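Engineer: Just passing along the structure, written as structure tokens.
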Protein chains: 2
Amino acid sequence: MLEYGKKRGRKIAELLEGGFMDILVFGLGALGTVFATCLKNAGHNVYTFIKKEHLSKFKNKKLKIIGLFGEKEVELNEFFYELKDLKERFLDLIILTVKAFDTEKAIYQIKEIIKPDTLVLLAQNGYGNYEIASKILGKEKVILGRVIFGARVIKPGLAEVTVIADDVVIGQPDKAIDKTTLENIANMLTNAGIPTRVSEDVYAILWDKILYNSALNPLGALLECSYGDLAEMEETRWIMNKIIDEIFEVTKANNIKLNWKNSEEYKKIFYEKLIPPTAKHYPSMYYDIKSGKKTEIDALNGAIVELAKKAGLKAEINQVITNLIKAKEKLVFK
Amino acid sequence: MLEYGKKRGRKIAELLEGGFMDILVFGLGALGTVFATCLKNAGHNVYTFIKKEHLSKFKNKKLKIIGLFGEKEVELNEFFYELKDLKERFLDLIILTVKAFDTEKAIYQIKEIIKPDTLVLLAQNGYGNYEIASKILGKEKVILGRVIFGARVIKPGLAEVTVIADDVVIGQPDKAIDKTTLENIANMLTNAGIPTRVSEDVYAILWDKILYNSALNPLGALLECSYGDLAEMEETRWIMNKIIDEIFEVTKANNIKLNWKNSEEYKKIFYEKLIPPTAKHYPSMYYDIKSGKKTEIDALNGAIVELAKKAGLKAEINQVITNLIKAKEKLVFK
């Protein structure tokens, strides 16, 4: 292994199979912990950047995961909490795992430390992350990821992978990054135990997750119930159908291409294929509100409302649901 | 005092000031307990009809109230739980205090025991009670009441009056009962410690309560917060404004006359006059859900949805709110 952080001008596309990368995992919640642990465990140099106020929560550089990706325990190369310490480092890849409401701030921080050959992989939820990152950093620096395994933090530094719905999908929506680079990153993740594939349709695939999460997450959080409960009751099915209908209207008006001919086609898949295997699952938004954390509603139903406004439309069912979650957040913080 | 239940052919209009009535309080929740206690305390013969399954909750015929109408303790003349025991009785007045979802059943029971000179006073919440009662019993038997003091059951037989927003208002929306009769009943209630006035506009006044309750109750129950919290947050104000706008549209389309020129006029009163004195109040629907009871959503937002359908309209914000409360009920019962 080369001494980490000292290489210059290396391109991911030129890395040989099995070559080790210098990777910064930006944010160390559940997802960040899983990425960092698996990648370090596979031999890569892995650093992490966390907020200074969170530093005291992590006693040392040790991370551990349990659950569906197996039990792995590692010691990271380094914890960073000040940007200046990262400015002189070379990084092949930055994996952004912060919540969507922190994306803009994080991207401006990344802009200060990014090198000509560094790429940024967005491993976040909802709409708006790619739009912000590609605008600030340039499309050719940004890989969009659709992460659809679920993990939870047991305590800082220890996370559990609880559900795997599909491979991670990565891609460059505007074809601004060559295929070899993307394949190398996908292979690197797969070899590290996180099954990943490249797709040109990553944007539409990400929208599938937005559809799914927008229909289920806020209702599960408001009613404190599982996805299966939501699908069983006619009252909540009516609301979810309306949420989905509005998303189809709004994306069409914004020229966003979804994977489905129309909302009826999606609803059939939604109720018959997608919900049954996750019927017992409670949304992360439920846990966020329970533990007094800010939710990602603005990147889900809230983003639909904003996209509707942009197109001169209304998305009032999504608006009611967004407002209820935001009111709930305010009351918890109160 | 005459021996109770033995008089025949007496009309309330012919009762002298201070004459005692034979009154059946139908239902013995918080409101029923307050009416029965105050009226018995004032010297009337008061019976009550409760569901047989609730009988064991009441150890004896003693009732007590505390709170804003003072502390009063009485022993009722009789508890009834079988209709056959009531068929031979003469009653001047039946005060119906059951929840709106039990109105239809109760009115059919009352139809079996009602005498030519017995009147029925509806002391319930929401839309539909007068419509059902007048259809089944005839308008000339039914007095509509708008009760806007709040009470809660501490334990069966003991209730607390917690808030008084205004006098009780009674009236006959279709002018099918003479004024003297109505005045006698209002005086009787006032003299018993429940301030009451007669109004020809009782129907519009009841709708004021429907407006107020439809805007505040389900949101307070869903978000578990006070009226003041709901009025403070822009997110919940947006939803309440939409609920109110839809009610104005729907009542107009159904030729229901409200007390207000338009929804803007009402909203001004709502936020500036009506909410401040009750800002700390939590809706009864909140307590209903907390204690696993069925709510009156069908007589509030649910009734708006039905009235909208009748007029070929939609009231989708009221529909979302209705569905969320019904889903919450189902999950509690689960």
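Residues in the structure tokens are named by chain (A, B, ... in the order shown) and by number from 1 within that chain; ligands are numbered from 1 in the order shown.
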Just want the 8 Å neighbourhood of Leu324 of chain A, counted on only C-alpha atoms, with same-chain residues fewer than 6 positions away dropped. Output as a list in words.

Structural biologist: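 Once the nearby chain positions are removed, what remains is Leu222 of chain A; Leu223, Glu235 and Thr236 of chain B.
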
Engineer: Quick one: chain B onto chain A, least squares on all Cα paired in order, result as a tab-separated table (two decimals) with C-alpha atoms, in the first residue's frame?

Structural biologist:
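Saved the output as superposed_30.tsv:
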chain	number	residue	atom	x	y	z
B	1	MET	CA	-0.01	0.00	-0.05
B	2	LEU	CA	1.28	3.44	-0.96
B	3	GLU	CA	1.55	6.01	1.77
B	4	TYR	CA	-1.85	7.52	1.80
B	5	GLY	CA	-2.70	11.02	0.81
B	6	LYS	CA	0.60	11.68	-0.99
B	7	LYS	CA	-0.18	10.70	-4.58
B	8	ARG	CA	-0.87	13.30	-7.20
B	9	GLY	CA	-2.57	13.30	-10.56
B	10	ARG	CA	-3.87	9.74	-10.40
B	11	LYS	CA	-7.13	8.99	-12.16
B	12	ILE	CA	-9.61	6.37	-10.99
B	13	ALA	CA	-9.91	5.11	-14.57
B	14	GLU	CA	-6.20	4.27	-14.51
B	15	LEU	CA	-6.35	2.31	-11.28
B	16	LEU	CA	-5.75	-1.39	-11.76
B	17	GLU	CA	-8.25	-3.93	-10.50
B	18	GLY	CA	-7.64	-4.24	-6.79
B	19	GLY	CA	-5.81	-0.93	-6.57
B	20	PHE	CA	-6.44	0.88	-3.35
B	21	MET	CA	-8.05	4.29	-3.29
B	22	ASP	CA	-7.86	7.24	-0.95
B	23	ILE	CA	-11.41	7.81	0.11
B	24	LEU	CA	-13.00	10.44	2.31
B	25	VAL	CA	-16.35	9.49	3.79
B	26	PHE	CA	-18.07	12.80	4.44
B	27	GLY	CA	-20.49	12.39	7.35
B	28	LEU	CA	-20.58	9.46	9.73
B	29	GLY	CA	-24.19	8.58	10.35
B	30	ALA	CA	-25.47	5.07	9.67
B	31	LEU	CA	-24.65	5.12	5.95
B	32	GLY	CA	-21.26	6.78	6.39
B	33	THR	CA	-20.31	4.22	9.02
B	34	VAL	CA	-21.22	1.35	6.68
B	35	PHE	CA	-19.27	2.79	3.72
B	36	ALA	CA	-16.22	3.67	5.80
B	37	THR	CA	-16.09	0.30	7.57
B	38	CYS	CA	-16.53	-1.80	4.43
B	39	LEU	CA	-14.01	0.21	2.40
B	40	LYS	CA	-11.35	0.27	5.12
B	41	ASN	CA	-11.93	-3.42	5.73
B	42	ALA	CA	-11.25	-4.02	2.02
B	43	GLY	CA	-7.86	-2.32	2.28
B	44	HIS	CA	-8.52	1.23	1.11
B	45	ASN	CA	-7.23	4.30	2.88
B	46	VAL	CA	-10.33	5.72	4.47
B	47	TYR	CA	-10.65	9.03	6.22
B	48	THR	CA	-13.75	10.64	7.48
B	49	PHE	CA	-14.90	14.22	7.91
B	50	ILE	CA	-17.36	14.96	10.67
B	51	LYS	CA	-18.64	18.07	12.36
B	52	LYS	CA	-16.36	19.25	15.17
B	53	GLU	CA	-19.24	19.12	17.64
B	54	HIS	CA	-19.70	15.42	16.91
B	55	LEU	CA	-16.05	14.53	17.50
B	56	SER	CA	-16.48	13.86	21.21
B	57	LYS	CA	-19.06	11.17	20.43
B	58	PHE	CA	-16.37	9.02	18.77
B	59	LYS	CA	-13.88	7.76	21.34
B	60	ASN	CA	-11.35	6.59	18.77
B	61	LYS	CA	-11.03	5.85	15.05
B	62	LYS	CA	-12.63	2.43	15.43
B	63	LEU	CA	-15.80	1.67	13.53
B	64	LYS	CA	-17.90	-1.45	13.49
B	65	ILE	CA	-20.85	-2.73	11.53
B	66	ILE	CA	-23.14	-5.65	12.10
B	67	GLY	CA	-26.14	-6.96	10.20
B	68	LEU	CA	-26.68	-7.93	6.60
B	69	PHE	CA	-23.21	-6.97	5.34
B	70	GLY	CA	-21.61	-9.12	8.06
B	71	GLU	CA	-19.67	-8.13	11.15
B	72	LYS	CA	-16.67	-5.93	10.42
B	73	GLU	CA	-14.47	-3.89	12.70
B	74	VAL	CA	-11.81	-1.45	11.48
B	75	GLU	CA	-9.63	1.44	12.51
B	76	LEU	CA	-9.84	4.33	10.07
B	77	ASN	CA	-6.72	6.12	8.82
B	78	GLU	CA	-7.87	9.45	10.12
B	79	PHE	CA	-10.77	11.51	11.48
B	80	PHE	CA	-10.93	15.04	10.15
B	81	TYR	CA	-13.06	17.84	11.47
B	82	GLU	CA	-11.24	20.87	10.09
B	83	LEU	CA	-11.12	21.62	6.38
B	84	LYS	CA	-7.60	23.05	6.53
B	85	ASP	CA	-6.23	19.63	7.50
B	86	LEU	CA	-7.70	18.16	4.33
B	87	LYS	CA	-6.55	20.80	1.85
B	88	GLU	CA	-3.13	19.23	1.27
B	89	ARG	CA	-4.44	15.70	0.91
B	90	PHE	CA	-5.02	13.90	-2.34
B	91	LEU	CA	-8.33	12.06	-2.50
B	92	ASP	CA	-9.57	9.72	-5.22
B	93	LEU	CA	-13.13	9.75	-4.03
B	94	ILE	CA	-15.35	11.62	-1.59
B	95	ILE	CA	-18.50	9.80	-0.58
B	96	LEU	CA	-21.11	12.25	0.64
B	97	THR	CA	-23.44	10.69	3.19
B	98	VAL	CA	-24.82	13.73	5.03
B	99	LYS	CA	-28.57	14.32	5.22
B	100	ALA	CA	-30.05	16.17	2.27
B	101	PHE	CA	-30.63	19.35	4.29
B	102	ASP	CA	-26.84	19.57	4.83
B	103	THR	CA	-25.90	18.97	1.18
B	104	GLU	CA	-25.36	22.56	0.14
B	105	LYS	CA	-23.08	23.36	3.06
B	106	ALA	CA	-21.13	20.13	2.56
B	107	ILE	CA	-20.67	20.73	-1.16
B	108	TYR	CA	-19.22	24.19	-0.51
B	109	GLN	CA	-16.81	22.61	1.99
B	110	ILE	CA	-15.86	19.94	-0.54
B	111	LYS	CA	-15.24	22.65	-3.13
B	112	GLU	CA	-12.45	23.94	-0.91
B	113	ILE	CA	-10.61	20.61	-0.69
B	114	ILE	CA	-11.34	18.92	-3.98
B	115	LYS	CA	-8.41	18.19	-6.38
B	116	PRO	CA	-8.54	17.96	-10.19
B	117	ASP	CA	-8.81	14.15	-10.13
B	118	THR	CA	-11.10	13.78	-7.11
B	119	LEU	CA	-14.64	12.62	-7.73
B	120	VAL	CA	-17.64	12.99	-5.45
B	121	LEU	CA	-20.18	10.21	-5.00
B	122	LEU	CA	-23.55	11.33	-3.64
B	123	ALA	CA	-25.00	8.58	-1.44
B	124	GLN	CA	-27.99	10.53	-0.23
B	125	ASN	CA	-31.74	10.59	-0.28
B	126	GLY	CA	-34.23	12.62	-2.20
B	127	TYR	CA	-34.35	15.28	-4.86
B	128	GLY	CA	-31.93	18.19	-5.10
B	129	ASN	CA	-28.56	16.73	-4.05
B	130	TYR	CA	-27.34	16.15	-7.62
B	131	GLU	CA	-28.74	19.48	-8.76
B	132	ILE	CA	-26.84	21.36	-6.03
B	133	ALA	CA	-23.60	19.37	-6.32
B	134	SER	CA	-23.35	19.52	-10.11
B	135	LYS	CA	-24.08	23.24	-10.12
B	136	ILE	CA	-21.38	24.03	-7.56
B	137	LEU	CA	-18.70	21.46	-8.48
B	138	GLY	CA	-19.44	20.79	-12.16
B	139	LYS	CA	-21.14	17.67	-13.54
B	140	GLU	CA	-17.81	16.03	-14.39
B	141	LYS	CA	-16.97	15.80	-10.67
B	142	VAL	CA	-20.24	14.32	-9.48
B	143	ILE	CA	-21.47	10.74	-9.45
B	144	LEU	CA	-25.05	10.16	-8.41
B	145	GLY	CA	-25.72	7.16	-6.19
B	146	ARG	CA	-28.99	5.49	-5.31
B	147	VAL	CA	-28.43	3.67	-2.01
B	148	ILE	CA	-31.31	1.43	-1.06
B	149	PHE	CA	-29.97	-0.63	1.78
B	150	GLY	CA	-31.06	0.54	5.21
B	151	ALA	CA	-28.90	1.01	8.25
B	152	ARG	CA	-29.26	2.43	11.72
B	153	VAL	CA	-26.78	3.80	14.23
B	154	ILE	CA	-26.71	1.72	17.40
B	155	LYS	CA	-24.21	4.11	18.96
B	156	PRO	CA	-21.65	6.43	17.34
B	157	GLY	CA	-19.19	4.20	15.48
B	158	LEU	CA	-21.50	1.17	15.48
B	159	ALA	CA	-24.13	0.67	12.77
B	160	GLU	CA	-26.40	-2.16	11.74
B	161	VAL	CA	-27.41	-2.93	8.17
B	162	THR	CA	-31.07	-3.87	8.55
B	163	VAL	CA	-32.45	-4.22	5.04
B	164	ILE	CA	-31.14	-4.53	1.47
B	165	ALA	CA	-33.72	-3.78	-1.22
B	166	ASP	CA	-31.35	-3.78	-4.21
B	167	ASP	CA	-27.75	-3.07	-5.31
B	168	VAL	CA	-26.41	0.42	-4.94
B	169	VAL	CA	-26.72	2.04	-8.37
B	170	ILE	CA	-24.26	4.71	-9.47
B	171	GLY	CA	-24.02	6.77	-12.63
B	172	GLN	CA	-23.53	10.17	-14.15
B	173	PRO	CA	-26.94	11.50	-15.22
B	174	ASP	CA	-25.40	13.81	-17.85
B	175	LYS	CA	-22.81	11.30	-19.09
B	176	ALA	CA	-20.03	13.64	-17.95
B	177	ILE	CA	-17.85	10.85	-16.48
B	178	ASP	CA	-16.38	7.96	-18.50
B	179	LYS	CA	-17.69	4.47	-18.08
B	180	THR	CA	-14.38	2.93	-16.94
B	181	THR	CA	-14.22	5.31	-13.99
B	182	LEU	CA	-17.76	4.46	-12.98
B	183	GLU	CA	-17.13	0.73	-13.41
B	184	ASN	CA	-13.98	0.95	-11.30
B	185	ILE	CA	-15.88	2.62	-8.50
B	186	ALA	CA	-18.73	0.11	-8.71
B	187	ASN	CA	-16.25	-2.80	-8.62
B	188	MET	CA	-14.40	-1.25	-5.73
B	189	LEU	CA	-17.65	-0.98	-3.74
B	190	THR	CA	-18.81	-4.46	-4.72
B	191	ASN	CA	-15.45	-5.94	-3.73
B	192	ALA	CA	-15.73	-4.14	-0.41
B	193	GLY	CA	-19.02	-5.95	0.26
B	194	ILE	CA	-21.46	-3.31	-0.94
B	195	PRO	CA	-23.04	-4.72	-4.13
B	196	THR	CA	-23.04	-1.90	-6.69
B	197	ARG	CA	-23.79	-1.56	-10.39
B	198	VAL	CA	-23.50	1.23	-12.93
B	199	SER	CA	-26.58	2.47	-14.75
B	200	GLU	CA	-27.16	5.21	-17.28
B	201	ASP	CA	-30.67	5.47	-15.83
B	202	VAL	CA	-29.46	6.32	-12.34
B	203	TYR	CA	-31.54	9.50	-12.29
B	204	ALA	CA	-34.82	7.70	-12.99
B	205	ILE	CA	-33.78	4.97	-10.56
B	206	LEU	CA	-33.20	7.59	-7.88
B	207	TRP	CA	-36.66	8.95	-8.61
B	208	ASP	CA	-38.07	5.49	-7.91
B	209	LYS	CA	-36.70	5.85	-4.42
B	210	ILE	CA	-38.11	9.37	-4.14
B	211	LEU	CA	-41.53	8.04	-5.13
B	212	TYR	CA	-41.31	5.21	-2.64
B	213	ASN	CA	-40.01	7.35	0.20
B	214	SER	CA	-42.41	10.25	-0.42
B	215	ALA	CA	-45.41	7.92	-0.31
B	216	LEU	CA	-44.34	5.96	2.76
B	217	ASN	CA	-41.97	7.89	5.00
B	218	PRO	CA	-43.97	10.90	6.18
B	219	LEU	CA	-47.15	8.87	6.72
B	220	GLY	CA	-45.25	6.23	8.68
B	221	ALA	CA	-43.70	9.00	10.78
B	222	LEU	CA	-47.02	10.80	11.37
B	223	LEU	CA	-49.02	7.68	12.18
B	224	GLU	CA	-46.12	5.83	13.82
B	225	CYS	CA	-46.70	2.67	11.84
B	226	SER	CA	-45.04	0.31	9.39
B	227	TYR	CA	-45.11	0.32	5.58
B	228	GLY	CA	-47.36	-2.73	5.73
B	229	ASP	CA	-49.87	-0.90	7.95
B	230	LEU	CA	-49.96	1.96	5.46
B	231	ALA	CA	-50.63	-0.37	2.54
B	232	GLU	CA	-53.36	-2.25	4.42
B	233	MET	CA	-55.63	0.69	5.26
B	234	GLU	CA	-57.81	2.22	2.55
B	235	GLU	CA	-57.45	5.63	4.22
B	236	THR	CA	-53.67	5.71	3.86
B	237	ARG	CA	-53.76	4.09	0.40
B	238	TRP	CA	-55.94	7.00	-0.75
B	239	ILE	CA	-53.36	9.49	0.53
B	240	MET	CA	-50.39	7.57	-0.92
B	241	ASN	CA	-52.13	7.31	-4.30
B	242	LYS	CA	-52.67	11.07	-4.29
B	243	ILE	CA	-49.02	11.69	-3.36
B	244	ILE	CA	-47.89	9.45	-6.23
B	245	ASP	CA	-50.33	11.01	-8.73
B	246	GLU	CA	-49.03	14.47	-7.88
B	247	ILE	CA	-45.41	13.34	-8.32
B	248	PHE	CA	-46.21	12.02	-11.79
B	249	GLU	CA	-47.89	15.32	-12.74
B	250	VAL	CA	-45.09	17.43	-11.33
B	251	THR	CA	-42.19	15.47	-12.82
B	252	LYS	CA	-43.88	15.47	-16.21
B	253	ALA	CA	-44.30	19.24	-16.07
B	254	ASN	CA	-40.59	19.54	-15.17
B	255	ASN	CA	-39.41	17.18	-17.93
B	256	ILE	CA	-38.10	14.67	-15.41
B	257	LYS	CA	-38.24	11.20	-16.89
B	258	LEU	CA	-39.49	8.45	-14.61
B	259	ASN	CA	-39.20	4.70	-15.15
B	260	TRP	CA	-42.96	4.29	-15.54
B	261	LYS	CA	-45.53	5.06	-18.21
B	262	ASN	CA	-47.97	6.50	-15.69
B	263	SER	CA	-48.84	6.51	-12.02
B	264	GLU	CA	-51.12	3.47	-12.32
B	265	GLU	CA	-48.24	1.36	-13.60
B	266	TYR	CA	-46.07	2.48	-10.70
B	267	LYS	CA	-48.78	1.95	-8.08
B	268	LYS	CA	-49.20	-1.65	-9.17
B	269	ILE	CA	-45.48	-2.31	-8.63
B	270	PHE	CA	-45.51	-0.25	-5.45
B	271	TYR	CA	-48.25	-2.24	-3.72
B	272	GLU	CA	-47.54	-5.65	-5.23
B	273	LYS	CA	-43.75	-5.83	-5.41
B	274	LEU	CA	-42.10	-3.09	-3.39
B	275	ILE	CA	-44.06	-3.00	-0.16
B	276	PRO	CA	-44.48	-6.72	0.68
B	277	PRO	CA	-40.77	-7.42	1.36
B	278	THR	CA	-40.48	-4.26	3.51
B	279	ALA	CA	-43.94	-4.48	5.14
B	280	LYS	CA	-42.57	-4.58	8.67
B	281	HIS	CA	-40.20	-1.68	8.11
B	282	TYR	CA	-40.68	1.67	9.88
B	283	PRO	CA	-39.37	4.69	7.98
B	284	SER	CA	-36.17	6.45	9.07
B	285	MET	CA	-38.30	9.59	9.30
B	286	TYR	CA	-40.20	7.92	12.13
B	287	TYR	CA	-36.95	7.39	14.05
B	288	ASP	CA	-35.77	10.91	13.18
B	289	ILE	CA	-38.86	12.46	14.75
B	290	LYS	CA	-38.81	10.10	17.72
B	291	SER	CA	-35.24	11.15	18.48
B	292	GLY	CA	-35.82	14.84	17.84
B	293	LYS	CA	-33.81	14.99	14.60
B	294	LYS	CA	-34.57	17.09	11.55
B	295	THR	CA	-36.11	14.98	8.77
B	296	GLU	CA	-35.41	14.93	5.02
B	297	ILE	CA	-38.95	16.03	4.14
B	298	ASP	CA	-37.63	18.95	2.06
B	299	ALA	CA	-35.84	16.54	-0.28
B	300	LEU	CA	-38.97	14.37	-0.63
B	301	ASN	CA	-42.55	15.74	-0.50
B	302	GLY	CA	-41.24	19.26	0.08
B	303	ALA	CA	-39.22	19.04	-3.14
B	304	ILE	CA	-42.36	17.97	-5.01
B	305	VAL	CA	-44.14	21.09	-3.75
B	306	GLU	CA	-41.24	23.27	-4.96
B	307	LEU	CA	-41.09	21.54	-8.35
B	308	ALA	CA	-44.85	22.05	-8.66
B	309	LYS	CA	-44.50	25.78	-8.00
B	310	LYS	CA	-41.70	25.99	-10.58
B	311	ALA	CA	-44.09	24.59	-13.17
B	312	GLY	CA	-47.01	26.77	-12.07
B	313	LEU	CA	-48.80	23.77	-10.55
B	314	LYS	CA	-49.99	22.87	-7.07
B	315	ALA	CA	-49.22	19.69	-5.17
B	316	GLU	CA	-51.51	20.22	-2.22
B	317	ILE	CA	-51.57	16.70	-0.84
B	318	ASN	CA	-47.77	16.72	-0.75
B	319	GLN	CA	-48.00	20.19	0.80
B	320	VAL	CA	-50.29	19.03	3.63
B	321	ILE	CA	-47.99	16.10	4.35
B	322	THR	CA	-44.87	18.29	4.24
B	323	ASN	CA	-46.48	20.83	6.56
B	324	LEU	CA	-47.53	18.17	9.04
B	325	ILE	CA	-43.99	16.79	9.25
B	326	LYS	CA	-42.50	20.27	9.60
B	327	ALA	CA	-44.99	21.12	12.33
B	328	LYS	CA	-44.07	17.85	14.07
B	329	GLU	CA	-40.37	18.78	13.87
B	330	LYS	CA	-41.06	22.23	15.34
B	331	LEU	CA	-43.09	20.75	18.19
B	332	VAL	CA	-40.34	18.26	19.00
B	333	PHE	CA	-37.70	21.00	19.05
B	334	LYS	CA	-39.95	23.26	21.14

Engineer: List every residue of segment 48-222 of chain B that DSSP, applied to the backbone, labels as strand (DSSP E), and write the result as a PyMOL selection string.

Structural biologist: chain B and resi 48-49+62-67+72-75+78-80+93-96+119-122+142-146+149-155+158-164+168-171+196-198

Engineer: Taking the DSSP assignment computed from this structure's backbone, write out as an NGL selection string all residues of segment 42-267 of chain B that belong to alpha helix (DSSP H).

Structural biologist: :B and (103-113 or 129-137 or 179-191 or 202-223 or 227-232 or 234-253 or 263-267)

Engineer: Once you have the residues from the selection above, write them out as a JSON list (two decimals), in the first residue's frame, restricted to C-alpha atoms.

Structural biologist:
[["chain", "number", "residue", "atom", "x", "y", "z"],
["B", 103, "THR", "CA", -76.83, 9.63, 17.05],
["B", 104, "GLU", "CA", -78.74, 7.51, 14.58],
["B", 105, "LYS", "CA", -78.99, 4.52, 16.91],
["B", 106, "ALA", "CA", -79.98, 6.76, 19.83],
["B", 107, "ILE", "CA", -82.67, 8.55, 17.82],
["B", 108, "TYR", "CA", -84.26, 5.24, 16.84],
["B", 109, "GLN", "CA", -84.27, 4.25, 20.52],
["B", 110, "ILE", "CA", -85.82, 7.59, 21.47],
["B", 111, "LYS", "CA", -88.49, 7.07, 18.81],
["B", 112, "GLU", "CA", -89.67, 4.05, 20.78],
["B", 113, "ILE", "CA", -90.13, 5.93, 24.05],
["B", 129, "ASN", "CA", -77.27, 15.22, 14.21],
["B", 130, "TYR", "CA", -80.15, 17.60, 13.48],
["B", 131, "GLU", "CA", -80.57, 16.20, 9.98],
["B", 132, "ILE", "CA", -80.91, 12.64, 11.31],
["B", 133, "ALA", "CA", -83.09, 13.51, 14.32],
["B", 134, "SER", "CA", -85.53, 15.73, 12.44],
["B", 135, "LYS", "CA", -85.89, 13.17, 9.67],
["B", 136, "ILE", "CA", -86.69, 10.32, 12.07],
["B", 137, "LEU", "CA", -88.66, 12.15, 14.79],
["B", 179, "LYS", "CA", -90.82, 30.51, 21.15],
["B", 180, "THR", "CA", -92.33, 30.13, 24.64],
["B", 181, "THR", "CA", -91.32, 26.48, 24.75],
["B", 182, "LEU", "CA", -87.78, 27.31, 23.72],
["B", 183, "GLU", "CA", -87.59, 30.18, 26.21],
["B", 184, "ASN", "CA", -88.85, 27.94, 29.00],
["B", 185, "ILE", "CA", -86.16, 25.40, 28.26],
["B", 186, "ALA", "CA", -83.46, 28.07, 28.05],
["B", 187, "ASN", "CA", -84.60, 29.56, 31.38],
["B", 188, "MET", "CA", -84.72, 26.14, 32.97],
["B", 189, "LEU", "CA", -81.11, 25.47, 31.91],
["B", 190, "THR", "CA", -79.93, 28.94, 32.91],
["B", 191, "ASN", "CA", -81.58, 28.60, 36.31],
["B", 202, "VAL", "CA", -78.84, 28.35, 15.99],
["B", 203, "TYR", "CA", -77.99, 26.46, 12.80],
["B", 204, "ALA", "CA", -75.42, 29.02, 11.64],
["B", 205, "ILE", "CA", -74.13, 29.26, 15.21],
["B", 206, "LEU", "CA", -73.66, 25.49, 15.27],
["B", 207, "TRP", "CA", -71.75, 25.78, 12.01],
["B", 208, "ASP", "CA", -69.39, 28.23, 13.70],
["B", 209, "LYS", "CA", -68.50, 25.43, 16.06],
["B", 210, "ILE", "CA", -68.12, 23.00, 13.17],
["B", 211, "LEU", "CA", -65.73, 25.42, 11.49],
["B", 212, "TYR", "CA", -63.74, 25.89, 14.67],
["B", 213, "ASN", "CA", -63.61, 22.21, 15.53],
["B", 214, "SER", "CA", -62.84, 21.04, 11.99],
["B", 215, "ALA", "CA", -59.89, 23.41, 11.74],
["B", 216, "LEU", "CA", -58.43, 22.66, 15.16],
["B", 217, "ASN", "CA", -59.42, 19.25, 16.49],
["B", 218, "PRO", "CA", -57.94, 16.77, 14.03],
["B", 219, "LEU", "CA", -54.67, 18.68, 13.71],
["B", 220, "GLY", "CA", -54.33, 18.94, 17.48],
["B", 221, "ALA", "CA", -54.98, 15.20, 17.72],
["B", 222, "LEU", "CA", -52.52, 14.30, 14.94],
["B", 223, "LEU", "CA", -49.74, 16.57, 16.14],
["B", 227, "TYR", "CA", -54.78, 25.22, 19.69],
["B", 228, "GLY", "CA", -52.20, 27.92, 20.36],
["B", 229, "ASP", "CA", -49.41, 25.78, 18.86],
["B", 230, "LEU", "CA", -51.51, 25.26, 15.74],
["B", 231, "ALA", "CA", -52.13, 28.98, 15.32],
["B", 232, "GLU", "CA", -48.45, 29.83, 15.85],
["B", 234, "GLU", "CA", -47.22, 28.79, 9.48],
["B", 235, "GLU", "CA", -47.37, 25.13, 8.40],
["B", 236, "THR", "CA", -50.52, 24.39, 10.39],
["B", 237, "ARG", "CA", -52.07, 27.79, 9.59],
["B", 238, "TRP", "CA", -51.78, 26.89, 5.90],
["B", 239, "ILE", "CA", -53.64, 23.63, 6.51],
["B", 240, "MET", "CA", -56.31, 25.25, 8.72],
["B", 241, "ASN", "CA", -56.88, 27.98, 6.14],
["B", 242, "LYS", "CA", -57.39, 25.33, 3.46],
["B", 243, "ILE", "CA", -59.82, 23.42, 5.69],
["B", 244, "ILE", "CA", -61.81, 26.61, 6.30],
["B", 245, "ASP", "CA", -61.77, 27.62, 2.61],
["B", 246, "GLU", "CA", -63.14, 24.21, 1.64],
["B", 247, "ILE", "CA", -65.91, 24.46, 4.26],
["B", 248, "PHE", "CA", -67.00, 27.82, 2.84],
["B", 249, "GLU", "CA", -67.08, 26.38, -0.71],
["B", 250, "VAL", "CA", -68.94, 23.26, 0.34],
["B", 251, "THR", "CA", -71.56, 24.95, 2.52],
["B", 252, "LYS", "CA", -72.24, 27.50, -0.21],
["B", 253, "ALA", "CA", -72.77, 24.72, -2.75],
["B", 263, "SER", "CA", -63.74, 32.65, 4.63],
["B", 264, "GLU", "CA", -61.39, 35.63, 5.05],
["B", 265, "GLU", "CA", -63.84, 37.31, 7.42],
["B", 266, "TYR", "CA", -64.10, 34.13, 9.46],
["B", 267, "LYS", "CA", -60.34, 33.52, 9.54]]
